[in-house]
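Next comes model_10.cif, with mmCIF, C-alpha atoms (C1' of nucleotides) and all ligand atoms.
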```cif
data_data
loop_
_atom_site.label_atom_id
_atom_site.label_comp_id
_atom_site.auth_asym_id
_atom_site.auth_seq_id
_atom_site.Cartn_x
_atom_site.Cartn_y
_atom_site.Cartn_z
CA MET A 1 31.00 -59.42 -7.27
CA ALA A 2 32.33 -57.85 -4.13
CA MET A 3 31.18 -60.74 -1.95
CA ASN A 4 31.43 -64.44 -2.58
CA ILE A 5 28.68 -66.87 -1.71
CA GLU A 6 30.21 -67.86 1.63
CA GLN A 7 30.41 -64.24 2.70
CA ILE A 8 26.81 -63.69 1.74
CA ILE A 9 25.72 -66.71 3.74
CA ALA A 10 27.74 -65.49 6.71
CA LYS A 11 26.14 -62.07 6.39
CA PHE A 12 22.64 -63.56 6.46
CA HIS A 13 23.55 -65.61 9.50
CA GLU A 14 24.99 -62.70 11.44
CA GLU A 15 21.98 -60.55 10.56
CA GLY A 16 19.68 -63.32 11.76
CA PHE A 17 18.04 -64.09 8.42
CA LYS A 18 17.49 -67.52 6.95
CA VAL A 19 19.57 -68.71 4.03
CA THR A 20 17.24 -69.79 1.24
CA PRO A 21 17.98 -70.89 -2.32
CA GLN A 22 15.87 -68.02 -3.61
CA ARG A 23 17.86 -65.45 -1.66
CA LEU A 24 21.18 -66.91 -2.74
CA ALA A 25 20.15 -67.01 -6.38
CA ILE A 26 18.94 -63.43 -6.28
CA CYS A 27 22.16 -62.35 -4.55
CA GLU A 28 24.27 -64.18 -7.05
CA TYR A 29 22.61 -62.30 -9.85
CA VAL A 30 22.19 -58.82 -8.46
CA LEU A 31 25.39 -58.51 -6.43
CA SER A 32 27.49 -59.32 -9.47
CA SER A 33 25.49 -57.24 -11.92
CA LYS A 34 27.00 -54.20 -13.56
CA ASP A 35 23.85 -52.82 -15.12
CA HIS A 36 21.89 -51.67 -12.09
CA PRO A 37 19.02 -54.10 -12.67
CA THR A 38 15.35 -53.57 -11.94
CA THR A 39 13.19 -55.96 -9.93
CA ASP A 40 11.75 -57.34 -13.15
CA MET A 41 15.20 -57.95 -14.59
CA ALA A 42 16.20 -59.89 -11.49
CA TYR A 43 12.91 -61.80 -11.55
CA ALA A 44 13.23 -62.76 -15.20
CA GLU A 45 16.82 -63.87 -14.85
CA VAL A 46 16.59 -65.81 -11.58
CA LYS A 47 13.29 -67.44 -12.59
CA ARG A 48 15.18 -69.31 -15.29
CA LYS A 49 16.94 -71.29 -12.59
CA TYR A 50 14.05 -71.25 -10.07
CA PRO A 51 10.83 -71.43 -12.12
CA THR A 52 8.67 -71.29 -8.99
CA LEU A 53 10.19 -67.98 -7.91
CA SER A 54 7.67 -65.34 -6.97
CA LEU A 55 7.99 -61.70 -7.88
CA ALA A 56 7.07 -60.85 -4.30
CA THR A 57 10.14 -62.70 -3.10
CA VAL A 58 12.33 -60.66 -5.41
CA TYR A 59 10.92 -57.42 -4.05
CA GLN A 60 11.30 -58.62 -0.49
CA THR A 61 14.84 -59.85 -1.01
CA LEU A 62 16.07 -56.72 -2.74
CA HIS A 63 14.67 -54.62 0.10
CA LEU A 64 16.35 -56.91 2.59
CA LEU A 65 19.68 -56.55 0.82
CA ALA A 66 19.26 -52.78 0.87
CA ASP A 67 18.44 -52.91 4.57
CA ILE A 68 21.62 -54.78 5.42
CA GLY A 69 23.72 -52.50 3.25
CA LEU A 70 24.56 -54.81 0.34
CA LEU A 71 22.51 -52.87 -2.20
CA GLN A 72 21.44 -49.33 -2.83
CA GLU A 73 18.03 -48.68 -4.30
CA LEU A 74 17.97 -45.98 -6.96
CA GLU A 75 14.56 -44.50 -7.64
CA MET A 76 14.45 -43.50 -11.29
CA ASP A 77 12.57 -41.15 -13.62
CA ASP A 78 10.28 -43.89 -14.90
CA ARG A 79 9.41 -44.83 -11.28
CA VAL A 80 10.97 -48.26 -11.69
CA SER A 81 13.73 -48.64 -9.11
CA ARG A 82 17.12 -50.01 -10.01
CA TYR A 83 19.50 -51.72 -7.61
CA ASP A 84 23.19 -50.98 -7.27
CA PRO A 85 25.57 -53.44 -5.58
CA ASN A 86 28.17 -50.70 -5.45
CA THR A 87 27.29 -48.88 -2.23
CA SER A 88 30.49 -46.85 -1.96
CA PRO A 89 30.67 -43.22 -3.07
CA HIS A 90 30.78 -43.34 -6.86
CA ILE A 91 29.13 -41.64 -9.78
CA ASN A 92 26.19 -43.16 -11.58
CA ILE A 93 26.14 -41.94 -15.14
CA ILE A 94 22.49 -42.02 -16.16
CA CYS A 95 20.91 -41.46 -19.57
CA LYS A 96 17.89 -39.20 -19.21
CA ASN A 97 16.34 -40.74 -22.29
CA CYS A 98 16.66 -44.53 -21.95
CA GLY A 99 17.56 -44.79 -18.25
CA MET A 100 20.79 -46.68 -18.83
CA VAL A 101 23.07 -46.53 -15.79
CA GLU A 102 26.80 -47.09 -15.62
CA ASP A 103 29.29 -46.60 -12.85
CA TYR A 104 32.11 -44.15 -13.02
CA ASP A 105 34.84 -44.38 -10.45
CA ALA A 106 36.91 -41.26 -10.47
CA LYS A 107 40.39 -42.23 -9.37
CA ASP A 108 40.36 -39.92 -6.33
CA MET A 109 36.63 -40.09 -5.70
CA ALA A 110 36.97 -41.13 -2.04
CA LYS A 111 39.27 -38.18 -1.36
CA LEU A 112 37.11 -35.64 -3.16
CA TRP A 113 33.98 -36.97 -1.55
CA SER A 114 35.40 -36.83 1.95
CA GLU A 115 36.39 -33.26 1.16
CA ILE A 116 32.80 -32.45 0.28
CA VAL A 117 31.34 -34.30 3.25
CA LYS A 118 33.81 -32.79 5.69
CA GLY A 119 31.78 -29.67 6.39
CA LEU A 120 28.45 -31.41 6.98
CA GLY A 121 28.73 -31.70 10.75
CA PHE A 122 27.47 -35.26 10.87
CA GLU A 123 28.36 -38.72 9.64
CA PRO A 124 26.26 -39.69 6.59
CA ILE A 125 24.68 -43.13 6.41
CA GLY A 126 24.89 -43.16 2.63
CA GLN A 127 24.95 -41.12 -0.52
CA ARG A 128 23.81 -40.96 -4.12
CA ILE A 129 25.81 -39.17 -6.80
CA ASP A 130 24.22 -39.04 -10.23
CA VAL A 131 25.41 -37.37 -13.41
CA TYR A 132 22.86 -37.06 -16.19
CA ARG A 133 23.40 -37.06 -19.93
CA TYR A 134 22.11 -38.64 -23.13
CA CYS A 135 23.98 -41.80 -23.98
CA GLU A 136 25.65 -42.35 -27.34
CA LYS A 137 22.88 -44.61 -28.55
CA CYS A 138 20.17 -42.07 -27.67
CA LEU A 139 22.12 -39.17 -29.18
CA LYS A 140 22.20 -41.07 -32.47
CA LYS A 141 18.44 -41.46 -32.42
CA VAL A 142 18.26 -37.61 -32.34
CA LYS A 143 14.65 -37.40 -31.16
CA ILE A 144 15.18 -36.21 -27.59
CA LYS A 145 11.77 -34.84 -26.77
CA LYS A 146 11.96 -33.97 -23.09
CA THR A 147 15.07 -32.33 -21.84
CA ARG A 148 14.55 -32.10 -18.10
CA GLY A 149 17.81 -30.22 -18.11
CA VAL A 150 19.13 -28.61 -14.96
CA SER A 151 21.73 -25.97 -14.30
CA LEU A 152 25.35 -27.04 -14.32
CA VAL A 153 26.63 -24.17 -12.17
CA MET B 1 13.28 -17.27 -5.27
CA ALA B 2 15.91 -17.21 -7.95
CA MET B 3 13.53 -15.81 -10.56
CA ASN B 4 10.98 -13.05 -10.22
CA ILE B 5 7.57 -13.19 -11.83
CA GLU B 6 8.60 -11.16 -14.88
CA GLN B 7 11.48 -13.49 -15.56
CA ILE B 8 9.20 -16.49 -15.28
CA ILE B 9 6.73 -14.95 -17.72
CA ALA B 10 9.58 -14.16 -20.11
CA LYS B 11 10.82 -17.75 -19.82
CA PHE B 12 7.37 -19.13 -20.69
CA HIS B 13 7.17 -16.81 -23.67
CA GLU B 14 10.57 -17.70 -25.03
CA GLU B 15 9.84 -21.39 -24.59
CA GLY B 16 6.56 -20.95 -26.42
CA PHE B 17 4.23 -21.83 -23.56
CA LYS B 18 1.17 -19.91 -22.53
CA VAL B 19 1.19 -17.84 -19.37
CA THR B 20 -1.73 -18.91 -17.20
CA PRO B 21 -2.67 -17.88 -13.67
CA GLN B 22 -2.38 -21.50 -12.55
CA ARG B 23 1.17 -21.77 -13.86
CA LEU B 24 2.20 -18.51 -12.29
CA ALA B 25 0.71 -19.43 -8.93
CA ILE B 26 2.41 -22.83 -8.97
CA CYS B 27 5.71 -21.20 -9.95
CA GLU B 28 5.39 -18.61 -7.25
CA TYR B 29 5.02 -21.34 -4.67
CA VAL B 30 7.44 -24.00 -5.82
CA LEU B 31 10.26 -21.82 -7.16
CA SER B 32 10.53 -20.01 -3.83
CA SER B 33 10.13 -23.09 -1.66
CA LYS B 34 12.97 -24.31 0.51
CA ASP B 35 11.47 -27.63 1.52
CA HIS B 36 11.51 -29.58 -1.74
CA PRO B 37 7.72 -29.90 -1.93
CA THR B 38 5.71 -32.79 -3.33
CA THR B 39 2.95 -32.44 -5.91
CA ASP B 40 0.37 -32.72 -3.15
CA MET B 41 2.03 -29.99 -1.12
CA ALA B 42 1.97 -27.68 -4.13
CA TYR B 43 -1.63 -28.63 -4.86
CA ALA B 44 -2.81 -28.01 -1.30
CA GLU B 45 -1.05 -24.67 -1.06
CA VAL B 46 -1.91 -23.20 -4.45
CA LYS B 47 -5.51 -24.43 -4.25
CA ARG B 48 -6.06 -22.00 -1.39
CA LYS B 49 -5.71 -19.14 -3.86
CA TYR B 50 -7.14 -21.00 -6.88
CA PRO B 51 -9.91 -23.26 -5.55
CA THR B 52 -10.66 -24.64 -9.02
CA LEU B 53 -7.09 -25.85 -9.48
CA SER B 54 -6.80 -29.43 -10.67
CA LEU B 55 -4.21 -31.86 -9.40
CA ALA B 56 -3.56 -32.81 -13.02
CA THR B 57 -2.50 -29.25 -13.72
CA VAL B 58 -0.02 -29.35 -10.87
CA TYR B 59 1.56 -32.54 -12.23
CA GLN B 60 1.68 -31.12 -15.72
CA THR B 61 3.14 -27.80 -14.62
CA LEU B 62 5.84 -29.33 -12.42
CA HIS B 63 6.90 -31.55 -15.30
CA LEU B 64 6.93 -28.56 -17.59
CA LEU B 65 9.13 -26.62 -15.18
CA ALA B 66 11.49 -29.58 -14.99
CA ASP B 67 11.56 -29.78 -18.80
CA ILE B 68 12.60 -26.14 -19.16
CA GLY B 69 15.20 -26.46 -16.42
CA LEU B 70 13.59 -24.48 -13.62
CA LEU B 71 13.06 -27.49 -11.37
CA GLN B 72 14.66 -30.80 -10.68
CA GLU B 73 12.48 -33.78 -9.86
CA LEU B 74 13.81 -35.94 -7.05
CA GLU B 75 12.36 -39.44 -6.93
CA MET B 76 12.27 -40.52 -3.31
CA ASP B 77 12.17 -43.70 -1.21
CA ASP B 78 8.43 -43.45 -0.65
CA ARG B 79 7.90 -43.08 -4.43
CA VAL B 80 6.49 -39.59 -4.00
CA SER B 81 8.61 -37.19 -6.01
CA ARG B 82 9.80 -33.92 -4.58
CA TYR B 83 10.72 -30.84 -6.58
CA ASP B 84 13.83 -28.77 -6.13
CA PRO B 85 14.08 -25.22 -7.51
CA ASN B 86 17.81 -25.33 -6.89
CA THR B 87 19.12 -26.97 -10.06
CA SER B 88 22.77 -26.15 -9.51
CA PRO B 89 25.23 -28.70 -8.10
CA HIS B 90 24.48 -28.84 -4.40
CA ILE B 91 23.97 -31.46 -1.73
CA ASN B 92 20.51 -32.57 -0.68
CA ILE B 93 20.64 -33.77 2.91
CA ILE B 94 17.87 -36.33 3.16
CA CYS B 95 16.50 -38.10 6.23
CA LYS B 96 16.09 -41.80 5.47
CA ASN B 97 13.33 -42.04 8.05
CA CYS B 98 10.97 -39.11 7.46
CA GLY B 99 12.12 -37.99 4.01
CA MET B 100 12.90 -34.43 5.05
CA VAL B 101 15.19 -32.69 2.55
CA GLU B 102 17.38 -29.68 3.06
CA ASP B 103 19.99 -28.07 0.89
CA TYR B 104 23.60 -27.83 1.82
CA ASP B 105 25.80 -25.54 -0.18
CA ALA B 106 29.40 -26.27 0.52
CA LYS B 107 31.30 -23.05 0.00
CA ASP B 108 33.53 -24.48 -2.74
CA MET B 109 30.99 -26.94 -4.09
CA ALA B 110 31.21 -25.68 -7.67
CA LYS B 111 34.98 -26.10 -7.65
CA LEU B 112 34.93 -29.56 -6.11
CA TRP B 113 32.16 -30.70 -8.40
CA SER B 114 33.92 -29.49 -11.52
CA GLU B 115 36.94 -31.41 -10.26
CA ILE B 116 34.88 -34.57 -10.05
CA VAL B 117 33.16 -34.03 -13.38
CA LYS B 118 36.41 -33.16 -15.15
CA GLY B 119 37.31 -36.74 -15.99
CA LEU B 120 33.95 -37.77 -17.38
CA GLY B 121 34.68 -37.07 -21.02
CA PHE B 122 31.34 -35.42 -21.69
CA GLU B 123 29.28 -32.45 -20.59
CA PRO B 124 26.58 -33.47 -18.12
CA ILE B 125 23.04 -32.17 -18.52
CA GLY B 126 22.44 -32.31 -14.80
CA GLN B 127 23.28 -33.99 -11.54
CA ARG B 128 21.90 -35.19 -8.24
CA ILE B 129 23.99 -35.27 -5.09
CA ASP B 130 22.31 -36.77 -2.04
CA VAL B 131 23.67 -37.37 1.44
CA TYR B 132 21.58 -39.59 3.69
CA ARG B 133 21.21 -39.51 7.46
CA TYR B 134 18.60 -39.54 10.18
CA CYS B 135 17.50 -36.05 11.12
CA GLU B 136 17.61 -34.76 14.69
CA LYS B 137 13.88 -35.21 15.13
CA CYS B 138 13.97 -38.82 13.95
CA LEU B 139 17.04 -39.65 16.04
CA LYS B 140 15.12 -38.51 19.13
CA LYS B 141 12.26 -40.86 18.30
CA VAL B 142 14.83 -43.71 18.45
CA LYS B 143 12.71 -46.28 16.63
CA ILE B 144 14.64 -46.48 13.36
CA LYS B 145 13.39 -49.75 11.97
CA LYS B 146 14.87 -49.96 8.51
CA THR B 147 18.40 -48.85 8.04
CA ARG B 148 18.96 -49.10 4.28
CA GLY B 149 22.51 -48.14 5.09
CA VAL B 150 25.16 -48.12 2.41
CA SER B 151 28.93 -48.09 2.49
CA LEU B 152 30.66 -44.80 3.15
CA VAL B 153 33.97 -45.75 1.55
"C1'" DA C 1 11.95 -86.47 13.81
"C1'" DT C 2 9.47 -82.39 15.70
"C1'" DT C 3 8.56 -77.89 16.18
"C1'" DT C 4 7.98 -73.27 14.89
"C1'" DA C 5 8.98 -68.84 13.43
"C1'" DA C 6 10.26 -67.14 9.14
"C1'" DA C 7 10.11 -67.28 4.15
"C1'" DT C 8 7.75 -68.11 -0.13
"C1'" DA C 9 4.11 -68.00 -3.55
"C1'" DA C 10 -0.01 -66.46 -5.37
"C1'" DT C 11 -2.94 -63.01 -5.51
"C1'" DA C 12 -5.43 -58.80 -4.11
"C1'" DA C 13 -5.10 -54.03 -2.77
"C1'" DT C 14 -2.89 -49.61 -2.94
"C1'" DG C 15 -2.00 -45.14 -4.61
"C1'" DA C 16 0.93 -41.92 -7.06
"C1'" DT C 17 1.05 -40.91 -11.60
"C1'" DT C 18 -0.63 -40.73 -16.31
"C1'" DA C 19 -4.12 -40.81 -19.87
"C1'" DC C 20 -8.24 -39.13 -21.62
"C1'" DA C 21 -11.98 -36.20 -23.26
"C1'" DA C 22 -14.89 -32.32 -22.57
"C1'" DT C 23 -14.55 -27.52 -21.52
"C1'" DT C 24 -12.19 -23.26 -21.08
"C1'" DT C 25 -8.89 -19.85 -22.32
"C1'" DA C 26 -4.51 -17.30 -23.86
"C1'" DA C 27 -3.06 -14.93 -27.44
"C1'" DG C 28 -2.66 -13.87 -32.18
"C1'" DA C 29 -5.37 -12.25 -36.30
"C1'" DA C 30 -8.89 -9.66 -38.36
"C1'" DT D 1 -12.81 -5.31 -29.87
"C1'" DT D 2 -14.28 -9.66 -31.60
"C1'" DC D 3 -13.06 -13.97 -33.70
"C1'" DT D 4 -10.37 -18.10 -34.08
"C1'" DT D 5 -7.92 -21.90 -32.61
"C1'" DA D 6 -4.38 -24.45 -30.62
"C1'" DA D 7 -3.11 -25.08 -26.08
"C1'" DA D 8 -4.28 -25.50 -21.23
"C1'" DT D 9 -7.27 -26.88 -17.58
"C1'" DT D 10 -10.41 -29.86 -15.26
"C1'" DG D 11 -12.47 -33.95 -13.62
"C1'" DT D 12 -12.19 -38.50 -13.85
"C1'" DA D 13 -10.73 -43.07 -15.31
"C1'" DA D 14 -6.90 -46.13 -16.20
"C1'" DT D 15 -2.29 -47.67 -15.31
"C1'" DC D 16 1.03 -50.39 -13.10
"C1'" DA D 17 4.98 -50.77 -9.93
"C1'" DT D 18 4.84 -51.76 -5.41
"C1'" DT D 19 2.95 -53.40 -1.04
"C1'" DA D 20 -0.14 -56.15 1.73
"C1'" DT D 21 -2.29 -60.40 2.74
"C1'" DT D 22 -2.73 -65.18 3.64
"C1'" DA D 23 -2.19 -70.01 2.92
"C1'" DT D 24 1.58 -73.03 2.29
"C1'" DT D 25 6.28 -74.37 2.65
"C1'" DT D 26 10.71 -74.63 4.81
"C1'" DA D 27 15.19 -73.48 7.39
"C1'" DA D 28 17.07 -74.51 11.32
"C1'" DA D 29 16.89 -75.13 16.14
"C1'" DT D 30 15.44 -78.66 19.58
MN MN E 201 26.30 -47.45 -9.48
MN MN E 202 18.01 -29.27 -3.07
ZN ZN E 203 20.17 -43.57 -23.61
ZN ZN E 204 13.72 -37.46 9.87
#
```

Would you mind writing the structure in this file as structure tokens?
Amino acid sequence: MAMNIEQIIAKFHEEGFKVTPQRLAICEYVLSSKDHPTTDMAYAEVKRKYPTLSLATVYQTLHLLADIGLLQELEMDDRVSRYDPNTSPHINIICKNCGMVEDYDAKDMAKLWSEIVKGLGFEPIGQRIDVYRYCEKCLKKVKIKKTRGVSLV
Amino acid sequence: MAMNIEQIIAKFHEEGFKVTPQRLAICEYVLSSKDHPTTDMAYAEVKRKYPTLSLATVYQTLHLLADIGLLQELEMDDRVSRYDPNTSPHINIICKNCGMVEDYDAKDMAKLWSEIVKGLGFEPIGQRIDVYRYCEKCLKKVKIKKTRGVSLV
DNA sequence: ATTTAAATAATAATGATTACAATTTAAGAA
DNA sequence: TTCTTAAATTGTAATCATTATTATTTAAAT
């Protein structure tokens, strides 16, 4: 995880939000996750430690974390959002069949991205860079019904 | 619009789909649009010419066009999808406050993108490149409540 | 220890999207 | 042209992730 628990607590304090066990548990899970979890995934996992946890709290907390810049929300094909603790410019490799997401950090991504952004005429407040494909597992299953393919040039 | 009506008809034929007046009217509107319309926008506009048009048909047709690669669906913050007839690698400049989307075609975008994609180890079936900001209109209104900002490096 | 504004939990409401079934129609065959 | 039929359209109901609401609990300041 990019931030340790003390840093997260400090961040909450400086943003003026209360530090609660629910928030810390959700942070601990989602900020260290590599699989771009959904709200339900976070709920299921954190509920094991906090059985009284409410789904509403998970929604609220993930939105809060997005608001303060610790998470990026990724709206997906199946309309179930996923949350990405990596908020820097990087590629999300996404399977168009099963929705699996993995990060890809090109070695000179920052440089190439700044090159692209250079001509915009303003300073972006964020970005989303997706590359779509069918993952190995889905390619084996063969039955890709809907392509949703888009031009590559 | 990238495609004229004859090309659209030919595309439907070669894909094995029927050519209907509803489909053609929806295509005519959405494939020439510059503002990344929603389903409702397409419905409202096309219904003026085809008063019997059903919203279900608009949903079905936009999905069909995405399936055959003539549109890209963009799932947005407000969970209302927008449709982009530009399926080539290009930047969508999106206002995080009002949701306005505009295209930005960097002059050497294709080159820079191929540079980025080079190291992936597979051939993508599509991509989505968003840059977020607050548009001029929203910046004037000042009251930006939720930032949802993400790291820029 | 008190106070209180904020957070949580439980649940209801929302609304874009999807599913469904009856009707219509595009398009190929006769 | 007329017939046939699978596909498309329509109108509406169902779905379900998300958001709103409200009573209760609690973090943290006094
Ligand atoms: Mn990512
Ligand atoms: Mn676009
Ligand atoms: Zn997959
Ligand atoms: Zn705006």

Neighbouring residues of ligand ZN 204 (chain E) are defined here as those with any atom at most 9 Å from a ligand atom, counting only C-alpha atoms (C1' of nucleotides) and all ligand atoms; list them as a list of chain:residue names.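 The residues within 9 Å of ligand ZN 204 (chain E), counting only C-alpha atoms (C1' of nucleotides) and all ligand atoms, are B:Ile94, B:Cys95, B:Lys96, B:Asn97, B:Cys98, B:Gly99, B:Met100, B:Val101, B:Arg133, B:Tyr134, B:Cys135, B:Glu136, B:Lys137, B:Cys138, B:Leu139.
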
Would you save the residues of that selection, restricted to C-alpha atoms, as a compact mmCIF listing (two decimals), in the frame of the given file?
```txt
# COMPACT_ATOMS: atom_id res chain seq x y z
CA ILE B 94 17.87 -36.33 3.16
CA CYS B 95 16.50 -38.10 6.23
CA LYS B 96 16.09 -41.80 5.47
CA ASN B 97 13.33 -42.04 8.05
CA CYS B 98 10.97 -39.11 7.46
CA GLY B 99 12.12 -37.99 4.01
CA MET B 100 12.90 -34.43 5.05
CA VAL B 101 15.19 -32.69 2.55
CA ARG B 133 21.21 -39.51 7.46
CA TYR B 134 18.60 -39.54 10.18
CA CYS B 135 17.50 -36.05 11.12
CA GLU B 136 17.61 -34.76 14.69
CA LYS B 137 13.88 -35.21 15.13
CA CYS B 138 13.97 -38.82 13.95
CA LEU B 139 17.04 -39.65 16.04
```

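Considering the residues A:Glu6, A:Glu28, A:Glu115, A:Glu73 and counting only C-alpha atoms and all ligand atoms, ligand MN 201 (chain E) has its shortest atom-to-atom contact with A:Glu73.
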
Quick one: residues within 12 Å of DA22 (chain C), only C-alpha atoms (C1' of nucleotides), excluding same-chain residues fewer than 5 positions away - as an mmCIF file with C-alpha atoms (C1' of nucleotides), keeping the file's coordinate frame?
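Everything below was put into out38.cif:
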```cif
data_model
loop_
_atom_site.group_PDB
_atom_site.id
_atom_site.type_symbol
_atom_site.label_atom_id
_atom_site.label_comp_id
_atom_site.auth_asym_id
_atom_site.auth_seq_id
_atom_site.Cartn_x
_atom_site.Cartn_y
_atom_site.Cartn_z
ATOM 1 C "C1'" DT D 9 -7.270 -26.880 -17.580
ATOM 2 C "C1'" DT D 10 -10.410 -29.860 -15.260
ATOM 3 C "C1'" DG D 11 -12.470 -33.950 -13.620
ATOM 4 C "C1'" DT D 12 -12.190 -38.500 -13.850
#
```

Taking only C-alpha atoms (C1' of nucleotides) into account, what are the residues of chain B at most 10 Å from chain D, put as number ranges by chain? B: 17-20, 22-23, 52-57, 60, 79

Write as a list of chain:residue names the residues around ligand MN 201 (chain E), taking 6 Å as the cut-off and counting only C-alpha atoms (C1' of nucleotides) and all ligand atoms. A:Asp84, A:Asn86, A:Asn92, A:Asp103

Residues within 12 Å of ligand MN 202 (chain E) should be enumerated using all atoms listed in the file and returned as an MDAnalysis selection string. (chainID A and resid 150) or (chainID B and resid 31:37 71:74 82:94 100:105 127:131)

Find the residues of chain C in contact range of chain B, meaning any atom within 10 Å when counting all atoms listed in the file, and list them as a PyMOL selection string. chain C and resi 16-18+25-27

Please, what is the axis-aligned box for every listed atom of region 10-29 of chain D with 3 Å on each side, as centre and edge lengths in Å to one decimal, as lines of an AutoDock Vina configuration file?
```
center_x = 2.3
center_y = -52.5
center_z = 0.0
size_x = 35.5
size_y = 51.3
size_z = 38.3
```

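The space separating CA of Met41 (chain A) from CA of Phe12 (chain A) comes to 23.0 Å.
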
Closest of A:Lys141, A:Met76, A:Lys111, A:Ala44 to chain B, counting all atoms listed in the file, is A:Met76

Nearest residue to ligand ZN 203 (chain E) out of A:Leu70, A:Tyr132, A:Ile5, A:Gly126, using only C-alpha atoms and all ligand atoms? A:Tyr132

Since the input is missing atoms for region 45-50 of chain B, could you rebuild it with all heavy atoms and give the result as a compact mmCIF listing (two decimals), in the coordinates of the input?
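Contents of result_33.txt, as written:
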```
# COMPACT_ATOMS: atom_id res chain seq x y z
N GLU B 45 -1.37 -26.07 -1.31
CA GLU B 45 -1.05 -24.67 -1.06
C GLU B 45 -1.66 -23.75 -2.11
O GLU B 45 -2.29 -22.75 -1.78
CB GLU B 45 0.48 -24.51 -1.01
CG GLU B 45 0.94 -23.14 -0.61
CD GLU B 45 0.42 -22.70 0.76
OE1 GLU B 45 0.19 -23.58 1.62
OE2 GLU B 45 0.22 -21.48 0.95
N VAL B 46 -1.45 -24.09 -3.38
CA VAL B 46 -1.91 -23.20 -4.45
C VAL B 46 -3.44 -23.21 -4.56
O VAL B 46 -4.05 -22.23 -4.95
CB VAL B 46 -1.25 -23.59 -5.78
CG1 VAL B 46 -1.74 -22.68 -6.91
CG2 VAL B 46 0.27 -23.52 -5.66
N LYS B 47 -4.05 -24.33 -4.18
CA LYS B 47 -5.51 -24.43 -4.25
C LYS B 47 -6.20 -23.43 -3.31
O LYS B 47 -7.35 -23.06 -3.54
CB LYS B 47 -5.94 -25.85 -3.88
CG LYS B 47 -7.34 -26.22 -4.36
CD LYS B 47 -7.65 -27.67 -4.05
CE LYS B 47 -9.09 -28.02 -4.39
NZ LYS B 47 -9.38 -27.89 -5.84
N ARG B 48 -5.48 -22.99 -2.29
CA ARG B 48 -6.06 -22.00 -1.39
C ARG B 48 -6.35 -20.71 -2.13
O ARG B 48 -7.34 -20.02 -1.86
CB ARG B 48 -5.11 -21.73 -0.22
CG ARG B 48 -4.94 -22.95 0.69
CD ARG B 48 -3.85 -22.73 1.72
NE ARG B 48 -4.08 -21.53 2.51
CZ ARG B 48 -3.15 -20.95 3.27
NH1 ARG B 48 -1.93 -21.46 3.33
NH2 ARG B 48 -3.43 -19.87 3.97
N LYS B 49 -5.50 -20.35 -3.08
CA LYS B 49 -5.71 -19.14 -3.86
C LYS B 49 -6.53 -19.40 -5.12
O LYS B 49 -7.25 -18.53 -5.60
CB LYS B 49 -4.34 -18.52 -4.26
CG LYS B 49 -3.57 -17.92 -3.10
CD LYS B 49 -4.21 -16.64 -2.58
CE LYS B 49 -3.57 -16.13 -1.30
NZ LYS B 49 -2.12 -15.86 -1.41
N TYR B 50 -6.41 -20.63 -5.68
CA TYR B 50 -7.14 -21.00 -6.88
C TYR B 50 -7.95 -22.25 -6.61
O TYR B 50 -7.53 -23.35 -6.96
CB TYR B 50 -6.19 -21.21 -8.05
CG TYR B 50 -5.66 -19.93 -8.60
CD1 TYR B 50 -4.54 -19.31 -8.04
CD2 TYR B 50 -6.30 -19.30 -9.68
CE1 TYR B 50 -4.07 -18.11 -8.54
CE2 TYR B 50 -5.83 -18.10 -10.18
CZ TYR B 50 -4.72 -17.51 -9.61
OH TYR B 50 -4.26 -16.32 -10.10
```
